[in-house]
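Peer 1: What follows is entry23.txt, compact mmCIF, C-alpha atoms and all ligand atoms.
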```txt
# COMPACT_ATOMS: atom_id res chain seq x y z
CA MET A 199 -10.89 21.38 27.10
CA SER A 200 -11.65 19.45 30.25
CA ASP A 201 -9.52 20.08 33.32
CA ILE A 202 -8.43 16.49 33.36
CA ARG A 203 -7.24 16.65 29.77
CA HIS A 204 -5.30 19.80 30.58
CA GLN A 205 -3.76 18.37 33.75
CA LEU A 206 -2.82 15.17 31.94
CA GLU A 207 -1.06 17.22 29.26
CA ILE A 208 0.87 19.12 31.90
CA ILE A 209 1.90 15.93 33.69
CA ARG A 210 2.92 14.16 30.46
CA ASP A 211 5.01 17.23 29.53
CA GLN A 212 6.69 17.22 32.92
CA ILE A 213 7.42 13.52 32.60
CA SER A 214 9.11 14.14 29.23
CA THR A 215 11.10 17.07 30.58
CA ALA A 216 12.30 15.21 33.68
CA ALA A 217 13.16 12.16 31.56
CA ARG A 218 15.15 14.27 29.13
CA GLN A 219 17.00 16.04 31.96
CA SER A 220 18.20 12.71 33.22
CA GLY A 221 18.94 11.15 29.85
CA ARG A 222 16.07 8.69 30.05
CA SER A 223 13.29 7.86 27.63
CA SER A 224 9.83 8.97 28.73
CA ASP A 225 8.59 5.55 27.58
CA ALA A 226 10.41 4.11 30.58
CA ILE A 227 8.13 6.00 32.99
CA LYS A 228 4.54 5.03 33.66
CA LEU A 229 1.90 7.29 35.13
CA LEU A 230 -0.30 5.68 37.76
CA ALA A 231 -3.34 7.92 38.29
CA VAL A 232 -4.18 7.73 42.00
CA SER A 233 -7.96 7.94 42.01
CA LYS A 234 -8.70 7.39 45.72
CA THR A 235 -11.64 9.53 46.90
CA TYR A 236 -12.50 10.59 43.31
CA ALA A 237 -15.78 9.49 41.75
CA SER A 238 -15.96 6.88 39.01
CA SER A 239 -17.30 9.53 36.60
CA ILE A 240 -14.03 11.46 36.98
CA ILE A 241 -11.95 8.32 36.53
CA GLU A 242 -13.87 7.64 33.33
CA LYS A 243 -12.89 11.09 32.00
CA ALA A 244 -9.23 10.31 32.56
CA TYR A 245 -9.66 6.99 30.80
CA ALA A 246 -11.27 8.81 27.85
CA GLU A 247 -8.05 10.86 27.65
CA GLY A 248 -5.94 7.74 27.34
CA GLN A 249 -5.06 7.09 30.99
CA VAL A 250 -5.25 3.35 31.69
CA LEU A 251 -3.39 2.73 34.98
CA PHE A 252 -5.23 3.68 38.17
CA GLY A 253 -4.18 3.33 41.80
CA GLU A 254 -6.30 2.98 44.92
CA ASN A 255 -5.17 2.59 48.50
CA ARG A 256 -8.30 1.14 50.07
CA VAL A 257 -9.70 -2.28 49.27
CA GLN A 258 -13.29 -1.33 49.98
CA GLU A 259 -13.16 1.58 47.56
CA LEU A 260 -11.61 -0.62 44.87
CA LEU A 261 -14.33 -3.23 45.30
CA GLU A 262 -16.95 -0.54 44.76
CA LYS A 263 -15.31 1.23 41.81
CA VAL A 264 -14.00 -1.60 39.65
CA PRO A 265 -17.44 -2.94 38.60
CA GLN A 266 -18.58 0.62 37.71
CA LEU A 267 -15.80 1.16 35.19
CA PRO A 268 -14.66 -0.33 31.86
CA SER A 269 -12.77 -3.60 32.23
CA GLU A 270 -9.82 -2.17 30.23
CA LEU A 271 -8.70 -0.15 33.24
CA GLN A 272 -5.67 -1.58 35.02
CA TRP A 273 -5.92 -1.31 38.81
CA HIS A 274 -2.95 -1.11 41.16
CA LEU A 275 -3.24 -1.43 44.93
CA ILE A 276 -0.97 1.12 46.64
CA GLY A 277 -2.13 0.89 50.27
CA HIS A 278 -1.65 -1.53 53.15
CA LEU A 279 -3.44 -4.83 52.54
CA GLN A 280 -5.13 -6.88 55.25
CA LYS A 281 -5.14 -10.65 55.01
CA ASN A 282 -8.89 -11.04 55.10
CA LYS A 283 -9.24 -8.86 51.98
CA ILE A 284 -6.79 -10.70 49.72
CA ARG A 285 -9.16 -13.22 48.17
CA LYS A 286 -11.67 -10.57 47.17
CA ILE A 287 -9.19 -8.17 45.71
CA LEU A 288 -6.76 -10.38 43.77
CA PRO A 289 -9.04 -11.09 40.80
CA LEU A 290 -9.62 -7.35 40.33
CA ILE A 291 -6.12 -5.93 40.48
CA HIS A 292 -3.10 -6.06 38.22
CA THR A 293 -0.27 -5.09 40.60
CA ILE A 294 0.33 -4.61 44.33
CA HIS A 295 2.78 -1.81 45.24
CA SER A 296 2.45 -2.27 48.98
CA ILE A 297 3.91 -5.65 49.95
CA ASP A 298 5.06 -4.59 53.42
CA SER A 299 5.56 -7.84 55.34
CA LEU A 300 6.56 -11.43 54.65
CA SER A 301 3.34 -12.75 56.09
CA ILE A 302 1.24 -10.69 53.67
CA ALA A 303 3.51 -11.85 50.82
CA ASP A 304 3.00 -15.48 51.86
CA SER A 305 -0.77 -15.06 51.98
CA VAL A 306 -0.94 -13.28 48.61
CA ASN A 307 1.22 -16.02 47.09
CA ARG A 308 -0.91 -18.83 48.51
CA ILE A 309 -4.24 -17.31 47.43
CA ALA A 310 -2.87 -16.26 44.00
CA GLY A 311 -1.89 -19.91 43.58
CA GLU A 312 -5.40 -21.08 44.43
CA LEU A 313 -6.84 -18.58 41.94
CA ASN A 314 -4.24 -19.52 39.32
CA LEU A 315 -2.81 -15.99 39.17
CA LYS A 316 0.67 -14.53 39.11
CA ILE A 317 0.68 -11.08 40.69
CA PRO A 318 3.26 -8.38 39.93
CA ILE A 319 4.40 -6.86 43.21
CA TYR A 320 6.70 -4.20 44.62
CA LEU A 321 8.45 -4.56 47.93
CA GLN A 322 7.56 -1.50 50.02
CA VAL A 323 10.62 -0.03 51.71
CA ASN A 324 10.48 2.49 54.55
CA ILE A 325 13.38 4.47 53.14
CA SER A 326 13.12 7.54 55.38
CA HIS A 327 12.74 5.45 58.58
CA ASP A 328 9.38 7.04 59.21
CA GLN A 329 7.88 5.56 62.40
CA ALA A 330 4.36 5.84 61.09
CA LYS A 331 4.97 4.18 57.73
CA PHE A 332 4.54 0.63 56.60
CA GLY A 333 7.34 -1.13 54.78
CA PHE A 334 10.59 -3.01 55.29
CA PRO A 335 13.55 -1.19 56.81
CA PRO A 336 16.22 -1.03 54.08
CA ALA A 337 18.48 -3.34 56.10
CA ASP A 338 15.80 -6.06 55.99
CA ALA A 339 15.26 -5.82 52.24
CA PRO A 340 17.91 -8.41 51.18
CA ALA A 341 16.44 -11.13 53.40
CA ALA A 342 12.92 -10.18 52.36
CA LEU A 343 13.88 -10.52 48.72
CA ASP A 344 15.46 -13.92 49.37
CA HIS A 345 12.16 -15.05 50.81
CA LEU A 346 10.03 -13.53 48.03
CA GLN A 347 12.10 -15.21 45.33
CA ASN A 348 10.72 -18.53 46.47
CA LEU A 349 7.08 -17.53 46.11
CA PRO A 350 6.07 -18.69 42.61
CA HIS A 351 2.82 -16.72 42.34
CA LEU A 352 4.48 -13.35 42.90
CA GLN A 353 6.33 -11.55 40.15
CA ILE A 354 8.82 -9.17 41.76
CA GLN A 355 8.93 -5.87 39.87
CA GLY A 356 11.12 -3.88 42.20
CA LEU A 357 10.85 -1.47 45.11
CA MET A 358 8.29 1.10 46.21
CA THR A 359 8.53 3.86 48.77
CA ILE A 360 6.49 6.66 50.32
CA PRO A 361 9.12 8.99 51.78
CA GLU A 362 8.39 11.29 54.66
CA TYR A 363 6.57 14.36 53.34
CA SER A 364 8.54 17.53 52.88
CA ALA A 365 7.14 20.77 51.46
CA ASP A 366 10.41 21.21 49.57
CA PRO A 367 10.70 18.28 47.16
CA GLU A 368 14.49 18.72 46.97
CA GLN A 369 14.55 17.41 50.55
CA THR A 370 13.04 14.19 49.27
CA ARG A 371 15.60 13.70 46.50
CA PRO A 372 18.11 11.83 48.73
CA HIS A 373 15.39 9.34 49.72
CA PHE A 374 14.58 8.64 46.08
CA ALA A 375 18.29 8.22 45.37
CA SER A 376 18.59 5.81 48.33
CA LEU A 377 15.79 3.63 47.01
CA ARG A 378 17.51 3.50 43.60
CA ASP A 379 20.87 2.64 45.20
CA LEU A 380 19.23 -0.07 47.30
CA ARG A 381 17.60 -1.48 44.16
CA ASN A 382 20.96 -1.53 42.41
CA GLN A 383 22.60 -3.36 45.31
CA LEU A 384 19.78 -5.89 45.51
CA LYS A 385 19.94 -6.46 41.79
CA THR A 386 23.58 -7.44 42.10
CA SER A 387 23.16 -9.53 45.25
CA SER A 388 20.01 -11.39 44.17
CA GLY A 389 20.52 -11.67 40.41
CA LEU A 390 16.89 -10.59 39.92
CA PRO A 391 16.25 -7.97 37.22
CA LEU A 392 14.28 -5.64 39.57
CA PRO A 393 13.38 -3.15 36.83
CA GLY A 394 10.81 -1.17 38.81
CA LEU A 395 10.99 1.82 41.11
CA SER A 396 7.57 3.02 42.26
CA MET A 397 8.22 6.48 43.69
CA GLY A 398 7.13 10.10 43.33
CA MET A 399 3.76 11.74 44.01
CA SER A 400 2.04 14.98 42.92
CA HIS A 401 4.48 17.42 44.48
CA ASP A 402 7.74 15.62 43.76
CA TYR A 403 7.36 13.30 40.76
CA PRO A 404 9.78 15.20 38.45
CA ILE A 405 12.52 14.71 41.04
CA ALA A 406 11.61 11.04 41.47
CA ILE A 407 11.96 10.61 37.70
CA GLN A 408 15.35 12.31 37.72
CA GLU A 409 16.37 9.75 40.37
CA GLY A 410 15.13 6.75 38.39
CA ALA A 411 11.38 6.27 39.04
CA THR A 412 9.75 3.91 36.55
CA ILE A 413 6.19 4.42 37.82
CA ILE A 414 4.98 7.60 39.50
CA ARG A 415 1.82 7.69 41.62
CA VAL A 416 0.00 10.97 41.00
CA GLY A 417 -3.38 11.90 42.49
CA SER A 418 -4.13 15.52 43.30
CA ALA A 419 -2.01 17.04 40.50
CA LEU A 420 -4.27 15.21 38.06
CA PHE A 421 -7.71 15.17 39.67
CA GLY A 422 -7.56 18.28 41.87
CA LYS A 423 -7.52 18.70 45.62
CA ARG A 424 -9.09 15.88 47.61
C1 LIG B 501 -2.54 9.11 47.86
C2 LIG B 501 -1.30 8.44 47.45
C3 LIG B 501 -0.55 8.91 46.38
C4 LIG B 501 -0.89 10.15 45.57
O1 LIG B 501 -0.82 11.31 46.34
P1 LIG B 501 -0.95 12.75 45.66
O2 LIG B 501 -0.19 13.64 46.57
O3 LIG B 501 -2.41 13.08 45.62
O4 LIG B 501 -0.36 12.68 44.31
C5 LIG B 501 0.59 8.19 46.01
N1 LIG B 501 0.96 7.08 46.67
C6 LIG B 501 0.25 6.59 47.70
C7 LIG B 501 0.73 5.36 48.38
C8 LIG B 501 -0.90 7.25 48.13
O5 LIG B 501 -1.59 6.75 49.17
```
Please re-express this file's structure in structure tokens.
Peer 2:
Amino acid sequence: MSDIRHQLEIIRDQISTAARQSGRSSDAIKLLAVSKTYASSIIEKAYAEGQVLFGENRVQELLEKVPQLPSELQWHLIGHLQKNKIRKILPLIHTIHSIDSLSIADSVNRIAGELNLKIPIYLQVNISHDQAKFGFPPADAPAALDHLQNLPHLQIQGLMTIPEYSADPEQTRPHFASLRDLRNQLKTSSGLPLPGLSMGMSHDYPIAIQEGATIIRVGSALFGKR
């Protein structure tokens, strides 16, 4: 049995367990395999085991990998996007998790329009007020959402966050809960469905699921240490 098959089994089991613990269906939780730094040959093994969604944080790496892999793979951008890269990347990706400013949202919307695309996006929120992190402060999220609602080539899925790292994942639980609470408030105030919560990584995804994650972004727990 390949390592990747084994790791995927473990992760799928943990997803089911965490879903059950919180009275959710495991069908409501998607696994995004974060393949940054891993070779295309390894990504292909995961695909052979039924993994279809892959996440990358760097545009350059995506541009190199996508043509090397089957077109059935669904690519999600999870890292900060620069304006001059948008036109190249949009035709290759399915979803952007890292919409972290209104100006990038405007540019993605304009170029998606020119390319006749509608791009699913998550609004990145800096939930733990981490100085070093990209994303909207929670207090700015309502106004940001108001603005995004008027951009016809973006399809707003929900919120995404990368909380401050803590070795003890229980320390991160309140941040996941805050993102969920913020989503619930925004859902009421905006009337948008906002089904998605992109949160949880290798060391804390079961807790993110217990707090409502709908898509977890898992790299090293699947592919091994980078
Ligand atoms: C790298 C990365 C991940 C995955 O991290 P792991 O700890 O390897 O699971 C998730 N989200 C983002 C935004 C990342 O850059």
Peer 1: Show me, as an NGL selection string, the residues that have an atom within 10 Å of Ser224 in chain A when counting all atoms listed in the file, minus same-chain residues fewer than 2 positions from it.
Peer 2: :A and (210-218 or 221-222 or 226-228 or 407 or 412)
Peer 1: Convert the current residue selection to file output with C-alpha atoms, as a PDB file, in the frame of the given file.
Peer 2:
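Saved to selection-v7.pdb:
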```pdb
ATOM      1  CA  ARG A 210       2.920  14.160  30.460  1.00  0.00           C
ATOM      2  CA  ASP A 211       5.010  17.230  29.530  1.00  0.00           C
ATOM      3  CA  GLN A 212       6.690  17.220  32.920  1.00  0.00           C
ATOM      4  CA  ILE A 213       7.420  13.520  32.600  1.00  0.00           C
ATOM      5  CA  SER A 214       9.110  14.140  29.230  1.00  0.00           C
ATOM      6  CA  THR A 215      11.100  17.070  30.580  1.00  0.00           C
ATOM      7  CA  ALA A 216      12.300  15.210  33.680  1.00  0.00           C
ATOM      8  CA  ALA A 217      13.160  12.160  31.560  1.00  0.00           C
ATOM      9  CA  ARG A 218      15.150  14.270  29.130  1.00  0.00           C
ATOM     10  CA  GLY A 221      18.940  11.150  29.850  1.00  0.00           C
ATOM     11  CA  ARG A 222      16.070   8.690  30.050  1.00  0.00           C
ATOM     12  CA  ALA A 226      10.410   4.110  30.580  1.00  0.00           C
ATOM     13  CA  ILE A 227       8.130   6.000  32.990  1.00  0.00           C
ATOM     14  CA  LYS A 228       4.540   5.030  33.660  1.00  0.00           C
ATOM     15  CA  ILE A 407      11.960  10.610  37.700  1.00  0.00           C
ATOM     16  CA  THR A 412       9.750   3.910  36.550  1.00  0.00           C
TER      17      THR A 412
END
```
Peer 1: Go through the chains and note each residue within 9 Å of ligand LIG 501 (chain B), using all atoms listed in the file, then give the set as a count of residues only.
Peer 2: 37
Peer 1: May I have a table of the residues of range 236-289 of chain A lying at most 9 Å from range 312-333 of chain A, giving each one's closest pair of atoms and their distance in Å to one decimal, counting only C-alpha atoms, ordered by chain and ascending residue number, as a tab-separated table?
Peer 2:
```
residue	atom	partner	partner_atom	distance
A:His278	CA	A:Phe332	CA	7.4
A:Arg285	CA	A:Leu313	CA	8.5
A:Leu288	CA	A:Ile317	CA	8.1
A:Pro289	CA	A:Leu313	CA	7.9
```
Peer 1: Hey, what's within 9 Å of Leu343 in chain A if we count only C-alpha atoms and toss same-chain stuff fewer than 6 positions away? As a PyMOL selection string, please?
Peer 2: chain A and resi 321+354+384+388
Peer 1: How many Å lie between CA of Gln355 in chain A and CA of Leu229 in chain A, rounded to one decimal?
Peer 2: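 CA of Leu229 in chain A lies 15.7 Å from CA of Gln355 in chain A.
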Peer 1: Counting only C-alpha atoms, which residue out of A:Asp344, A:Glu262, A:Glu247, A:Glu409 sits closest to Arg371 in chain A?
Peer 2: A:Glu409
Peer 1: Kindly indicate which residue among A:Ala411, A:Gly248, A:Ser305, A:Leu390 lies nearest to Phe374 in chain A, using all atoms listed in the file for the distances.
Peer 2: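 Checking each of A:Ala411, A:Gly248, A:Ser305, A:Leu390 against Phe374 in chain A, counting all atoms listed in the file, the winner is A:Ala411.
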Peer 1: Which residue is closest to Gln353 in chain A? Choose from A:Ala310, A:Gly389, A:Pro335, A:Asn382 and count all atoms listed in the file.
Peer 2: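 Of the candidates, the smallest distance to Gln353 in chain A is held by A:Ala310.
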Peer 1: Residues proximal to (1.2, -21.8, 45.2) were defined as those with any atom within 8 Å of that point in the file's coordinates, counting only C-alpha atoms. Which are they, as a list in words?
Peer 2: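 It turns out the residues near that spot are Asn307, Arg308, Ile309, Ala310, Gly311, Glu312, Leu349, Pro350 and His351 of chain A.
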Peer 1: Could you check how far CA of Gln369 in chain A sits from CA of Ile405 in chain A, in Å to one decimal?
Peer 2: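 Taking CA of Gln369 in chain A as the start and CA of Ile405 in chain A as the end point, the length is 10.1 Å.
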Peer 1: I'd like the interatomic distance between CA of Thr235 in chain A and CA of Ala365 in chain A, to a tenth of an Å.
Peer 2: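 Spanning CA of Thr235 in chain A to CA of Ala365 in chain A is a straight-line distance of 22.4 Å.
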Peer 1: Which of these, A:Leu392, A:Thr370, A:Lys243, A:Gln219, has the shortest distance to His204 in chain A once you count all atoms listed in the file?
Peer 2: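 Ranked by minimum distance to His204 in chain A, first place goes to A:Lys243.
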Peer 1: Distance cut-off 12 Å, centre (-12.1, -10.1, 49.3) in file coordinates, counting only C-alpha atoms: which residues qualify? Return them as a ChimeraX atom specification.
Peer 2: /A:256-262,279-291,306,309
Peer 1: How close does range 222-260 of chain A get to range 269-274 of chain A? List, as a Markdown table, each residue of range 222-260 of chain A within 6 Å, its nearest atom pair and the distance in Å to one decimal, counting all atoms listed in the file.
Peer 2:
```
| residue | atom | partner | partner_atom | distance |
| --- | --- | --- | --- | --- |
| A:Val250 | CA | A:Leu271 | CA | 5.2 |
| A:Leu251 | CA | A:Gln272 | CA | 4.9 |
| A:Phe252 | CA | A:Trp273 | CA | 5.1 |
| A:Gly253 | CA | A:His274 | CA | 4.7 |
```
Peer 1: When distances are computed from all atoms listed in the file, which of A:Ala337, A:Leu357, A:Leu352, A:Ile413 shows the smallest separation from Asp298 in chain A?
Peer 2: A:Leu357
Peer 1: Check the smallest atom-to-atom distance from each of A:Ala375, A:Phe334, A:Ile208, A:Val264 to His292 in chain A using only C-alpha atoms, then report the winner.
Peer 2: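 Looking only at the distances to His292 in chain A, the closest residue turns out to be A:Val264.
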